[in-house]
$ cat data_7.pdb   # PDB, C-alpha atoms
ATOM      1  CA  MET A   1       9.621  -6.681  15.101
ATOM      2  CA  GLU A   2       6.553  -4.730  16.174
ATOM      3  CA  LYS A   3       6.836  -0.965  15.837
ATOM      4  CA  ASP A   4       4.967   1.659  17.851
ATOM      5  CA  THR A   5       1.752   2.170  15.941
ATOM      6  CA  LEU A   6       0.486   5.555  14.809
ATOM      7  CA  LYS A   7      -1.934   7.224  17.217
ATOM      8  CA  PRO A   8      -4.506   9.057  15.092
ATOM      9  CA  ILE A   9      -6.845   9.798  18.035
ATOM     10  CA  ILE A  10      -5.653  11.286  21.329
ATOM     11  CA  TRP A  11      -7.814  12.399  24.243
ATOM     12  CA  ASP A  12      -6.253  15.189  26.321
ATOM     13  CA  ASP A  13      -7.732  14.889  29.817
ATOM     14  CA  LYS A  14      -5.988  17.983  31.141
ATOM     15  CA  ASN A  15      -7.487  20.348  28.565
ATOM     16  CA  SER A  16     -10.596  18.309  27.663
ATOM     17  CA  GLN A  17      -9.647  18.251  24.013
ATOM     18  CA  LEU A  18      -9.798  15.675  21.251
ATOM     19  CA  ILE A  19      -6.608  15.704  19.173
ATOM     20  CA  LEU A  20      -6.721  14.124  15.713
ATOM     21  CA  ILE A  21      -4.056  13.573  13.095
ATOM     22  CA  ASP A  22      -5.214  15.822  10.246
ATOM     23  CA  GLN A  23      -5.375  13.285   7.449
ATOM     24  CA  ARG A  24      -6.003  16.008   4.874
ATOM     25  CA  LYS A  25      -2.360  17.080   5.274
ATOM     26  CA  LEU A  26      -0.762  13.642   4.885
ATOM     27  CA  PRO A  27       1.638  12.474   3.601
ATOM     28  CA  HIS A  28       3.490  15.773   3.352
ATOM     29  CA  LYS A  29       2.770  17.121   6.833
ATOM     30  CA  LEU A  30       2.018  15.394  10.124
ATOM     31  CA  GLU A  31      -0.238  17.954  11.777
ATOM     32  CA  TYR A  32      -2.961  17.755  14.388
ATOM     33  CA  PHE A  33      -6.504  19.091  14.464
ATOM     34  CA  ILE A  34      -7.833  20.050  17.890
ATOM     35  CA  CYS A  35     -11.512  19.633  18.719
ATOM     36  CA  ASN A  36     -12.833  21.717  21.601
ATOM     37  CA  ASN A  37     -16.530  20.948  21.124
ATOM     38  CA  TYR A  38     -18.834  18.547  19.324
ATOM     39  CA  GLU A  39     -19.211  20.886  16.357
ATOM     40  CA  ASP A  40     -15.439  20.702  15.792
ATOM     41  CA  VAL A  41     -15.736  16.902  15.809
ATOM     42  CA  ALA A  42     -18.646  16.994  13.351
ATOM     43  CA  PHE A  43     -16.598  19.150  10.994
ATOM     44  CA  ALA A  44     -13.601  16.809  11.345
ATOM     45  CA  ILE A  45     -15.741  13.833  10.334
ATOM     46  CA  GLU A  46     -17.480  15.588   7.441
ATOM     47  CA  ASP A  47     -14.305  17.119   6.001
ATOM     48  CA  MET A  48     -12.342  13.877   6.438
ATOM     49  CA  VAL A  49      -9.856  15.210   8.933
ATOM     50  CA  VAL A  50     -10.626  11.817  10.440
ATOM     51  CA  ARG A  51     -11.923   8.933   8.342
ATOM     52  CA  GLY A  52     -12.340   5.181   8.529
ATOM     53  CA  ALA A  53     -15.328   3.540  10.199
ATOM     54  CA  PRO A  54     -13.808   2.745  13.632
ATOM     55  CA  ALA A  55     -11.999   6.105  13.859
ATOM     56  CA  ILE A  56     -15.186   7.986  12.993
ATOM     57  CA  GLY A  57     -17.068   6.116  15.719
ATOM     58  CA  ILE A  58     -14.417   6.806  18.361
ATOM     59  CA  SER A  59     -14.210  10.477  17.421
ATOM     60  CA  ALA A  60     -17.997  10.852  17.537
ATOM     61  CA  ALA A  61     -18.023   9.305  21.018
ATOM     62  CA  TYR A  62     -15.520  11.900  22.195
ATOM     63  CA  GLY A  63     -17.687  14.556  20.529
ATOM     64  CA  MET A  64     -20.544  13.447  22.771
ATOM     65  CA  ALA A  65     -18.188  13.597  25.743
ATOM     66  CA  LEU A  66     -17.253  17.177  24.866
ATOM     67  CA  ALA A  67     -20.944  18.090  24.811
ATOM     68  CA  GLU A  68     -21.321  16.504  28.244
ATOM     69  CA  ILE A  69     -18.288  18.326  29.663
ATOM     70  CA  LYS A  70     -19.493  21.695  28.371
ATOM     71  CA  GLY A  71     -23.050  21.173  29.567
ATOM     72  CA  GLU A  72     -24.493  21.286  26.060
ATOM     73  CA  ASP A  73     -27.666  19.664  24.762
ATOM     74  CA  ILE A  74     -26.777  15.970  24.480
ATOM     75  CA  GLU A  75     -29.678  15.133  22.155
ATOM     76  CA  LYS A  76     -28.672  17.948  19.826
ATOM     77  CA  ALA A  77     -25.050  16.774  19.810
ATOM     78  CA  TYR A  78     -26.183  13.207  19.133
ATOM     79  CA  HIS A  79     -28.245  14.166  16.080
ATOM     80  CA  ARG A  80     -25.594  16.550  14.730
ATOM     81  CA  LEU A  81     -22.889  13.884  14.894
ATOM     82  CA  LYS A  82     -25.208  11.144  13.627
ATOM     83  CA  ASN A  83     -25.856  13.117  10.431
ATOM     84  CA  THR A  84     -22.208  13.705   9.527
ATOM     85  CA  ARG A  85     -21.840  10.594   7.331
ATOM     86  CA  PRO A  86     -24.514   8.038   6.445
ATOM     87  CA  THR A  87     -22.843   4.730   5.549
ATOM     88  CA  ALA A  88     -20.259   3.620   8.130
ATOM     89  CA  VAL A  89     -22.136   1.800  10.903
ATOM     90  CA  ASN A  90     -19.545   2.376  13.663
ATOM     91  CA  LEU A  91     -20.676   5.995  13.860
ATOM     92  CA  PHE A  92     -24.190   5.029  14.909
ATOM     93  CA  TRP A  93     -22.990   2.154  17.100
ATOM     94  CA  ALA A  94     -20.682   4.421  19.108
ATOM     95  CA  LEU A  95     -23.213   7.237  19.427
ATOM     96  CA  ASP A  96     -25.891   4.819  20.635
ATOM     97  CA  ARG A  97     -23.512   3.458  23.262
ATOM     98  CA  CYS A  98     -22.876   6.999  24.481
ATOM     99  CA  MET A  99     -26.595   7.779  24.639
ATOM    100  CA  LYS A 100     -27.219   4.571  26.560
ATOM    101  CA  ALA A 101     -24.536   5.595  29.063
ATOM    102  CA  TYR A 102     -26.048   9.072  29.373
ATOM    103  CA  ASN A 103     -29.557   7.702  29.902
ATOM    104  CA  SER A 104     -28.189   5.371  32.576
ATOM    105  CA  ASN A 105     -26.526   8.288  34.399
ATOM    106  CA  ARG A 106     -23.068   7.040  33.486
ATOM    107  CA  SER A 107     -20.225   9.212  32.214
ATOM    108  CA  ILE A 108     -20.165   9.644  28.436
ATOM    109  CA  LEU A 109     -16.439  10.372  28.647
ATOM    110  CA  ASP A 110     -15.818   7.072  30.402
ATOM    111  CA  GLU A 111     -17.813   5.283  27.694
ATOM    112  CA  ALA A 112     -15.852   7.058  24.946
ATOM    113  CA  LYS A 113     -12.565   6.036  26.557
ATOM    114  CA  LEU A 114     -13.815   2.466  26.805
ATOM    115  CA  ILE A 115     -14.774   2.401  23.111
ATOM    116  CA  HIS A 116     -11.312   3.775  22.280
ATOM    117  CA  GLU A 117      -9.450   1.159  24.330
ATOM    118  CA  GLU A 118     -11.626  -1.692  23.085
ATOM    119  CA  ASP A 119     -10.852  -0.769  19.482
ATOM    120  CA  LYS A 120      -7.094  -0.921  20.085
ATOM    121  CA  LYS A 121      -7.408  -4.478  21.406
ATOM    122  CA  VAL A 122      -9.804  -5.492  18.637
ATOM    123  CA  CYS A 123      -7.563  -4.193  15.845
ATOM    124  CA  ARG A 124      -4.541  -5.957  17.301
ATOM    125  CA  ARG A 125      -6.517  -9.203  17.525
ATOM    126  CA  ILE A 126      -7.653  -8.900  13.894
ATOM    127  CA  GLY A 127      -3.996  -8.786  12.891
ATOM    128  CA  GLU A 128      -3.028 -11.710  15.097
ATOM    129  CA  ILE A 129      -5.840 -13.887  13.750
ATOM    130  CA  GLY A 130      -5.691 -12.732  10.149
ATOM    131  CA  GLU A 131      -1.973 -12.885   9.457
ATOM    132  CA  ARG A 132      -2.228 -16.633   8.906
ATOM    133  CA  VAL A 133      -4.015 -16.093   5.586
ATOM    134  CA  ILE A 134      -0.819 -14.441   4.288
ATOM    135  CA  GLU A 135       1.972 -16.781   3.239
ATOM    136  CA  ASP A 136       5.689 -16.037   3.163
ATOM    137  CA  GLY A 137       6.481 -14.401  -0.166
ATOM    138  CA  ASP A 138       2.942 -13.145  -0.848
ATOM    139  CA  THR A 139       2.161  -9.926  -2.651
ATOM    140  CA  VAL A 140      -1.008  -8.466  -1.154
ATOM    141  CA  LEU A 141      -3.214  -5.848  -2.771
ATOM    142  CA  THR A 142      -5.198  -3.492  -0.551
ATOM    143  CA  HIS A 143      -7.642  -0.700  -1.309
ATOM    144  CA  CYS A 144      -8.225   2.692   0.319
ATOM    145  CA  ASN A 145      -6.844   2.971   3.872
ATOM    146  CA  ALA A 146      -7.796   0.397   6.475
ATOM    147  CA  GLY A 147      -4.823   1.085   8.705
ATOM    148  CA  ALA A 148      -4.068   2.722  12.036
ATOM    149  CA  LEU A 149      -5.241   6.047  10.609
ATOM    150  CA  ALA A 150      -8.710   4.566  10.059
ATOM    151  CA  THR A 151      -8.954   3.120  13.570
ATOM    152  CA  SER A 152      -7.376   3.635  16.994
ATOM    153  CA  ALA A 153      -4.223   1.607  16.227
ATOM    154  CA  TYR A 154      -2.921  -1.090  13.841
ATOM    155  CA  GLY A 155      -5.944  -0.934  11.528
ATOM    156  CA  THR A 156      -8.025  -3.769  10.094
ATOM    157  CA  ALA A 157      -6.713  -4.849   6.670
ATOM    158  CA  LEU A 158      -3.355  -3.257   7.477
ATOM    159  CA  SER A 159      -3.313  -4.933  10.870
ATOM    160  CA  VAL A 160      -3.316  -8.280   9.046
ATOM    161  CA  ILE A 161      -0.471  -7.066   6.834
ATOM    162  CA  ARG A 162       1.417  -5.558   9.793
ATOM    163  CA  PHE A 163       1.324  -8.765  11.817
ATOM    164  CA  ALA A 164       2.438 -10.871   8.853
ATOM    165  CA  HIS A 165       5.410  -8.496   8.632
ATOM    166  CA  TYR A 166       6.026  -8.566  12.406
ATOM    167  CA  ARG A 167       6.159 -12.368  12.288
ATOM    168  CA  GLY A 168       8.930 -12.335   9.734
ATOM    169  CA  LYS A 169       7.016 -13.084   6.551
ATOM    170  CA  ASN A 170       8.617 -11.653   3.454
ATOM    171  CA  ILE A 171       5.704  -9.788   1.894
ATOM    172  CA  LYS A 172       5.069  -6.985  -0.553
ATOM    173  CA  VAL A 173       2.021  -4.740  -0.791
ATOM    174  CA  ILE A 174       0.310  -3.228  -3.820
ATOM    175  CA  VAL A 175      -1.598  -0.079  -2.902
ATOM    176  CA  ASP A 176      -4.531   1.148  -4.964
ATOM    177  CA  GLU A 177      -4.301   4.945  -5.111
ATOM    178  CA  THR A 178      -8.071   5.122  -4.405
ATOM    179  CA  ARG A 179      -9.566   7.969  -6.376
ATOM    180  CA  PRO A 180     -10.852  10.528  -5.784
ATOM    181  CA  ARG A 181      -9.472  11.262  -2.279
ATOM    182  CA  LEU A 182      -6.337   9.142  -2.840
ATOM    183  CA  GLN A 183      -6.407   7.514   0.595
ATOM    184  CA  GLY A 184      -4.264   4.659  -0.686
ATOM    185  CA  ALA A 185      -1.576   6.832  -2.202
ATOM    186  CA  LYS A 186      -1.557   9.323   0.657
ATOM    187  CA  LEU A 187      -2.404   7.335   3.786
ATOM    188  CA  THR A 188      -1.769   3.615   3.254
ATOM    189  CA  SER A 189       1.581   4.291   1.601
ATOM    190  CA  PHE A 190       2.466   6.610   4.516
ATOM    191  CA  GLU A 191       1.743   3.821   6.999
ATOM    192  CA  LEU A 192       3.606   1.145   5.046
ATOM    193  CA  LYS A 193       6.656   3.378   4.697
ATOM    194  CA  TYR A 194       6.477   4.059   8.449
ATOM    195  CA  GLU A 195       6.515   0.287   9.070
ATOM    196  CA  GLY A 196       9.237  -0.421   6.517
ATOM    197  CA  ILE A 197       7.013  -2.790   4.514
ATOM    198  CA  PRO A 198       7.880  -2.907   0.780
ATOM    199  CA  ALA A 199       5.060  -1.442  -1.290
ATOM    200  CA  LYS A 200       4.187   0.076  -4.645
ATOM    201  CA  ILE A 201       1.272   2.324  -5.584
ATOM    202  CA  ILE A 202      -0.876   1.639  -8.629
ATOM    203  CA  THR A 203      -3.699   3.468 -10.312
ATOM    204  CA  ASP A 204      -6.998   1.805  -9.422
ATOM    205  CA  ASN A 205      -7.469   0.542 -12.967
ATOM    206  CA  THR A 206      -4.153  -1.359 -12.958
ATOM    207  CA  ALA A 207      -5.265  -4.102 -10.549
ATOM    208  CA  GLY A 208      -6.772  -6.422 -13.158
ATOM    209  CA  PHE A 209      -3.653  -6.265 -15.315
ATOM    210  CA  LEU A 210      -1.416  -7.232 -12.378
ATOM    211  CA  MET A 211      -3.748 -10.104 -11.469
ATOM    212  CA  LYS A 212      -3.632 -11.349 -15.046
ATOM    213  CA  ARG A 213       0.168 -11.346 -14.859
ATOM    214  CA  GLY A 214       0.174 -13.360 -11.623
ATOM    215  CA  MET A 215       1.560 -10.471  -9.595
ATOM    216  CA  ILE A 216      -1.125 -10.542  -6.860
ATOM    217  CA  ASP A 217      -1.499 -13.416  -4.385
ATOM    218  CA  LYS A 218      -4.165 -12.038  -2.012
ATOM    219  CA  VAL A 219      -6.530  -9.090  -1.726
ATOM    220  CA  ILE A 220      -7.340  -7.739   1.738
ATOM    221  CA  VAL A 221      -9.638  -4.758   2.292
ATOM    222  CA  GLY A 222     -11.530  -3.204   5.187
ATOM    223  CA  ALA A 223     -15.253  -2.582   5.630
ATOM    224  CA  ASP A 224     -17.561   0.246   6.631
ATOM    225  CA  ARG A 225     -20.586  -1.983   7.204
ATOM    226  CA  VAL A 226     -21.240  -5.736   7.090
ATOM    227  CA  LEU A 227     -24.827  -6.971   6.975
ATOM    228  CA  ARG A 228     -26.152 -10.163   8.576
ATOM    229  CA  ASP A 229     -25.773 -12.034   5.264
ATOM    230  CA  TYR A 230     -22.142 -10.791   5.132
ATOM    231  CA  THR A 231     -22.777  -8.301   2.348
ATOM    232  CA  VAL A 232     -19.962  -5.759   2.640
ATOM    233  CA  PHE A 233     -20.158  -1.997   2.164
ATOM    234  CA  ASN A 234     -16.710  -0.522   1.638
ATOM    235  CA  LYS A 235     -14.852   2.182  -0.247
ATOM    236  CA  ILE A 236     -15.906   2.553  -3.859
ATOM    237  CA  GLY A 237     -13.870   0.194  -6.035
ATOM    238  CA  THR A 238     -14.052  -2.760  -3.636
ATOM    239  CA  TYR A 239     -16.776  -4.481  -5.665
ATOM    240  CA  SER A 240     -14.705  -4.217  -8.857
ATOM    241  CA  LEU A 241     -11.686  -5.733  -7.104
ATOM    242  CA  ALA A 242     -13.786  -8.588  -5.750
ATOM    243  CA  ILE A 243     -15.023  -9.460  -9.249
ATOM    244  CA  LEU A 244     -11.490  -9.306 -10.646
ATOM    245  CA  ALA A 245     -10.148 -11.475  -7.829
ATOM    246  CA  LYS A 246     -12.918 -14.044  -8.355
ATOM    247  CA  TYR A 247     -12.181 -14.251 -12.075
ATOM    248  CA  HIS A 248      -8.446 -14.706 -11.467
ATOM    249  CA  ASN A 249      -8.962 -17.187  -8.588
ATOM    250  CA  ILE A 250      -7.263 -14.908  -6.047
ATOM    251  CA  PRO A 251      -8.407 -15.120  -2.401
ATOM    252  CA  PHE A 252     -10.312 -11.986  -1.404
ATOM    253  CA  TYR A 253     -10.536 -11.159   2.307
ATOM    254  CA  VAL A 254     -12.343  -8.458   4.253
ATOM    255  CA  ALA A 255     -10.962  -7.459   7.665
ATOM    256  CA  SER A 256     -13.596  -5.993   9.966
ATOM    257  CA  PRO A 257     -14.319  -5.677  13.680
ATOM    258  CA  THR A 258     -17.670  -7.055  14.809
ATOM    259  CA  SER A 259     -18.653  -3.481  15.751
ATOM    260  CA  THR A 260     -18.938  -2.873  11.993
ATOM    261  CA  PHE A 261     -21.534  -5.648  11.644
ATOM    262  CA  ASP A 262     -25.129  -4.519  11.203
ATOM    263  CA  SER A 263     -27.625  -7.272  11.975
ATOM    264  CA  LYS A 264     -30.695  -5.059  11.635
ATOM    265  CA  SER A 265     -30.479  -3.471   8.186
ATOM    266  CA  SER A 266     -31.118  -4.825   4.725
ATOM    267  CA  ILE A 267     -29.312  -3.599   1.614
ATOM    268  CA  GLU A 268     -32.239  -1.303   0.823
ATOM    269  CA  ASP A 269     -31.941   0.379   4.238
ATOM    270  CA  VAL A 270     -28.337   1.507   3.799
ATOM    271  CA  ILE A 271     -27.698   4.966   2.383
ATOM    272  CA  ILE A 272     -24.719   5.071   0.033
ATOM    273  CA  GLU A 273     -22.996   8.383   0.611
ATOM    274  CA  GLU A 274     -22.631  10.574  -2.463
ATOM    275  CA  ARG A 275     -20.021  13.242  -1.832
ATOM    276  CA  ASP A 276     -19.371  16.587  -3.497
ATOM    277  CA  GLU A 277     -18.613  16.169  -7.196
ATOM    278  CA  ARG A 278     -15.736  18.637  -6.847
ATOM    279  CA  GLU A 279     -13.662  15.856  -5.251
ATOM    280  CA  VAL A 280     -13.662  14.190  -8.681
ATOM    281  CA  LEU A 281     -13.451  17.299 -10.820
ATOM    282  CA  TYR A 282     -10.526  18.869  -8.940
ATOM    283  CA  ILE A 283      -7.183  17.595  -7.668
ATOM    284  CA  ASP A 284      -5.517  19.747  -5.013
ATOM    285  CA  GLY A 285      -7.628  22.713  -6.055
ATOM    286  CA  VAL A 286      -6.886  22.405  -9.791
ATOM    287  CA  ARG A 287      -9.801  21.581 -12.082
ATOM    288  CA  ILE A 288      -9.012  18.599 -14.333
ATOM    289  CA  ALA A 289     -12.353  18.396 -16.173
ATOM    290  CA  PRO A 290     -13.997  20.874 -18.576
ATOM    291  CA  GLU A 291     -16.111  23.635 -17.078
ATOM    292  CA  GLY A 292     -19.748  22.621 -16.942
ATOM    293  CA  MET A 293     -18.985  18.902 -16.662
ATOM    294  CA  GLY A 294     -20.494  17.104 -13.667
ATOM    295  CA  ALA A 295     -19.461  13.884 -11.926
ATOM    296  CA  TYR A 296     -20.794  10.968  -9.900
ATOM    297  CA  ASN A 297     -18.990  10.649  -6.576
ATOM    298  CA  TYR A 298     -20.329   7.668  -4.682
ATOM    299  CA  ALA A 299     -18.115   6.993  -1.664
ATOM    300  CA  PHE A 300     -18.983   3.305  -1.189
ATOM    301  CA  ASP A 301     -20.105   0.224  -3.078
ATOM    302  CA  ILE A 302     -21.625  -3.148  -2.183
ATOM    303  CA  THR A 303     -19.857  -6.523  -2.375
ATOM    304  CA  PRO A 304     -21.894  -9.738  -1.913
ATOM    305  CA  PHE A 305     -20.479 -12.548   0.211
ATOM    306  CA  GLU A 306     -20.347 -14.857  -2.825
ATOM    307  CA  LEU A 307     -17.319 -12.837  -4.004
ATOM    308  CA  ILE A 308     -15.544 -12.980  -0.631
ATOM    309  CA  THR A 309     -13.242 -15.788   0.538
ATOM    310  CA  GLY A 310     -13.510 -14.832   4.196
ATOM    311  CA  ILE A 311     -14.180 -12.041   6.677
ATOM    312  CA  ILE A 312     -11.475 -11.624   9.317
ATOM    313  CA  THR A 313     -12.814 -10.427  12.688
ATOM    314  CA  GLU A 314     -11.319 -10.174  16.179
ATOM    315  CA  LYS A 315     -13.046 -13.461  17.027
ATOM    316  CA  GLU A 316     -12.570 -15.678  13.980
ATOM    317  CA  ILE A 317     -12.330 -15.858  10.214
ATOM    318  CA  ILE A 318     -15.772 -16.334   8.716
ATOM    319  CA  TYR A 319     -15.064 -18.415   5.629
ATOM    320  CA  ASN A 320     -17.335 -18.653   2.632
ATOM    321  CA  GLU A 321     -17.617 -22.439   2.485
ATOM    322  CA  GLU A 322     -18.654 -22.284  -1.158
ATOM    323  CA  ASP A 323     -15.527 -20.372  -2.169
ATOM    324  CA  SER A 324     -13.167 -22.735  -3.975
ATOM    325  CA  ARG A 325     -10.130 -20.478  -3.648
ATOM    326  CA  ILE A 326      -7.191 -21.311  -1.394
ATOM    327  CA  LYS A 327      -7.919 -20.709   2.295
ATOM    328  CA  GLY A 328      -5.288 -19.695   4.815
TER     329      GLY A 328
END

$ encode --input "data_7.pdb" --output "structure tokens"
Amino acid sequence: MEKDTLKPIIWDDKNSQLILIDQRKLPHKLEYFICNNYEDVAFAIEDMVVRGAPAIGISAAYGMALAEIKGEDIEKAYHRLKNTRPTAVNLFWALDRCMKAYNSNRSILDEAKLIHEEDKKVCRRIGEIGERVIEDGDTVLTHCNAGALATSAYGTALSVIRFAHYRGKNIKVIVDETRPRLQGAKLTSFELKYEGIPAKIITDNTAGFLMKRGMIDKVIVGADRVLRDYTVFNKIGTYSLAILAKYHNIPFYVASPTSTFDSKSSIEDVIIEERDEREVLYIDGVRIAPEGMGAYNYAFDITPFELITGIITEKEIIYNEEDSRIKG
């Protein structure tokens, strides 16, 4: 039975405010972060109050709308929001749509609302199309958070899992904790518990061991950018999972709206975000590494299509015809 989905992004027309679930506080507190201007939205994106490619794009669109409402410099707002995070393509896609509306003398707020509503329908459709790759009794591994909290509703990878559950399939989910921000342990597990879907959390480095033991039937992840050759940019650790799944002959799916597809860029054009090393060196404010030790903190990695069984979109499943693994 379908449950009311989480609403991570709310537009308050009465007060002209953007209200976001503060994902930094989950899973212990369900609190909201209120954005009154585009600078608040920029901070929310940079500090990961809101995260996930579609959710970032929607929030940025509302940031542009706030600039419009307050009579601020639209070009300045556009460039400030555009520079918040470099890898997820939905950010640029949504901002460009808002600028096109502005240059055509159309309301940016109306465009932002349209982007928001479109994403809800798209995410639902991804789940409806994608659930067929999950069989009754499957145990599905997912990475990071590609759920309602990363979108407007339902999610992408979690939409597929949700709709398999809604349609009565007896499934279990394995959740990678997703170091260093722990989006799997904090956010995905929160959503699965909310839905009543059986799940267990593992450390990221446990996945291969479970695959070896035959405890994983499918892997489904989201995407932050998909190139024209179907190369996928997603949360760091995705590439490792894809290699492990290929070795163990486990179908590996990516769930992504077509708004995340980038037909213009090549791999060399895409900037891989490197975040503050303190995210690795500290957990909840406590340093876990020796003083003076540095860290690499790349936020994303790159997975070639040869490692992917199929990409689930709101229109179809794009299968890798050369992939010999079982197809749904």

$ resolve_selection --input "data_7.pdb" --expression "the PyMOL selection byres ((chain A and resi 137) around 8)" --output "list in words"
Glu135, Asp136, Asp138, Thr139, Lys169, Asn170, Ile171 and Lys172 of chain A

$ atom_distance --input "data_7.pdb" --atom1 "CA of Glu131 (chain A)" --atom2 "CA of Pro257 (chain A)"
14.9 Å

$ residues_around --input "data_7.pdb" --residues "Arg24 (chain A)" --least-positions-apart "5" --cutoff "12 Å" --atoms "all atoms listed in the file" --output "NGL selection string"
:A and (29-33 or 44-51 or 149 or 181-183 or 186-187 or 284)

$ closest_residue --input "data_7.pdb" --among "A:Asp269, A:Glu322, A:Glu306, A:Glu117" --to "Pro54 (chain A)" --atoms "all atoms listed in the file"
A:Glu117

$ resolve_selection --input "data_7.pdb" --expression "the PyMOL selection byres ((chain A and resi 195-209) around 6)" --output "mmCIF file with C-alpha atoms, in the coordinates of the input"
data_model
loop_
_atom_site.group_PDB
_atom_site.id
_atom_site.type_symbol
_atom_site.label_atom_id
_atom_site.label_comp_id
_atom_site.auth_asym_id
_atom_site.auth_seq_id
_atom_site.Cartn_x
_atom_site.Cartn_y
_atom_site.Cartn_z
ATOM 1 C CA LYS A 172 5.069 -6.985 -0.553
ATOM 2 C CA VAL A 173 2.021 -4.740 -0.791
ATOM 3 C CA ILE A 174 0.310 -3.228 -3.820
ATOM 4 C CA VAL A 175 -1.598 -0.079 -2.902
ATOM 5 C CA ASP A 176 -4.531 1.148 -4.964
ATOM 6 C CA GLU A 177 -4.301 4.945 -5.111
ATOM 7 C CA LEU A 192 3.606 1.145 5.046
ATOM 8 C CA LYS A 193 6.656 3.378 4.697
ATOM 9 C CA TYR A 194 6.477 4.059 8.449
ATOM 10 C CA LEU A 210 -1.416 -7.232 -12.378
ATOM 11 C CA MET A 211 -3.748 -10.104 -11.469
ATOM 12 C CA LYS A 212 -3.632 -11.349 -15.046
#

$ closest_residue --input "data_7.pdb" --among "A:Arg325, A:Lys264, A:Arg213, A:His79" --to "Val226 (chain A)" --atoms "only C-alpha atoms"
A:Lys264

$ residues_near_point --input "data_7.pdb" --point "(-15.3, -22.4, -2.6)" --cutoff "12 Å" --atoms "all atoms listed in the file" --output "VMD selection string"
chain A and resid 246 249 to 252 305 to 310 319 to 327

$ axis_aligned_box --input "data_7.pdb" --around "region 298-317 of chain A" --padding-each-side "6 Å" --output "JSON"
{"center_x": -16.6, "center_y": -4.1, "center_z": 6.2, "size_x": 22.6, "size_y": 35.5, "size_z": 33.7}

$ resolve_selection --input "data_7.pdb" --expression "the PyMOL selection byres ((chain A and resi 126) around 9)" --output "list of chain:residue names"
A:Lys121, A:Val122, A:Cys123, A:Arg124, A:Arg125, A:Gly127, A:Glu128, A:Ile129, A:Gly130, A:Glu131, A:Gly155, A:Thr156, A:Ala157, A:Ser159, A:Val160, A:Ala255, A:Ser256, A:Pro257, A:Ile312, A:Thr313, A:Glu314, A:Lys315, A:Glu316

$ residues_around --input "data_7.pdb" --residues "Glu111 (chain A)" --least-positions-apart "4" --cutoff "9 Å" --atoms "all atoms listed in the file" --output "PyMOL selection string"
chain A and resi 61-62+65+97-98+101+106-107+115-116

$ residues_around --input "data_7.pdb" --residues "Glu75 (chain A)" --least-positions-apart "4" --cutoff "12 Å" --atoms "all atoms listed in the file" --output "ChimeraX atom specification"
/A:38,64,67-68,71,79-82,95-96,98-100,102-103

$ residues_near_point --input "data_7.pdb" --point "(-12.9, 13.7, -9.7)" --cutoff "9 Å" --atoms "all atoms listed in the file" --output "PDB file with C-alpha atoms, in the frame of the given file"
ATOM      1  CA  ARG A 179      -9.566   7.969  -6.376  1.00  0.00           C
ATOM      2  CA  PRO A 180     -10.852  10.528  -5.784  1.00  0.00           C
ATOM      3  CA  ARG A 181      -9.472  11.262  -2.279  1.00  0.00           C
ATOM      4  CA  GLU A 277     -18.613  16.169  -7.196  1.00  0.00           C
ATOM      5  CA  ARG A 278     -15.736  18.637  -6.847  1.00  0.00           C
ATOM      6  CA  GLU A 279     -13.662  15.856  -5.251  1.00  0.00           C
ATOM      7  CA  VAL A 280     -13.662  14.190  -8.681  1.00  0.00           C
ATOM      8  CA  LEU A 281     -13.451  17.299 -10.820  1.00  0.00           C
ATOM      9  CA  TYR A 282     -10.526  18.869  -8.940  1.00  0.00           C
ATOM     10  CA  ILE A 283      -7.183  17.595  -7.668  1.00  0.00           C
ATOM     11  CA  ARG A 287      -9.801  21.581 -12.082  1.00  0.00           C
ATOM     12  CA  ILE A 288      -9.012  18.599 -14.333  1.00  0.00           C
ATOM     13  CA  ALA A 289     -12.353  18.396 -16.173  1.00  0.00           C
ATOM     14  CA  ALA A 295     -19.461  13.884 -11.926  1.00  0.00           C
ATOM     15  CA  TYR A 296     -20.794  10.968  -9.900  1.00  0.00           C
ATOM     16  CA  ASN A 297     -18.990  10.649  -6.576  1.00  0.00           C
TER      17      ASN A 297
END

$ atom_distance --input "data_7.pdb" --atom1 "CA of Leu114 (chain A)" --atom2 "CA of Leu227 (chain A)"
24.6 Å

$ closest_residue --input "data_7.pdb" --among "A:Asn105, A:Ser16, A:Ile216, A:Val133" --to "Gly63 (chain A)" --atoms "all atoms listed in the file"
A:Ser16

$ atom_distance --input "data_7.pdb" --atom1 "CA of Val219 (chain A)" --atom2 "CA of Lys120 (chain A)"
23.3 Å

$ closest_residue --input "data_7.pdb" --among "A:Val140, A:Met293, A:Ile220, A:Ala150" --to "Ile9 (chain A)" --atoms "only C-alpha atoms"
A:Ala150

$ residues_around --input "data_7.pdb" --residues "region 83-88 of chain A" --least-positions-apart "2" --cutoff "9 Å" --atoms "only C-alpha atoms" --output "PyMOL selection string"
chain A and resi 42-43+45-46+52-54+56-57+78-81+90-92+223-225+233-234+260+270-273+299-300

$ closest_residue --input "data_7.pdb" --among "A:Tyr247, A:Tyr230, A:Trp93, A:Tyr253" --to "Ile161 (chain A)" --atoms "only C-alpha atoms"
A:Tyr253
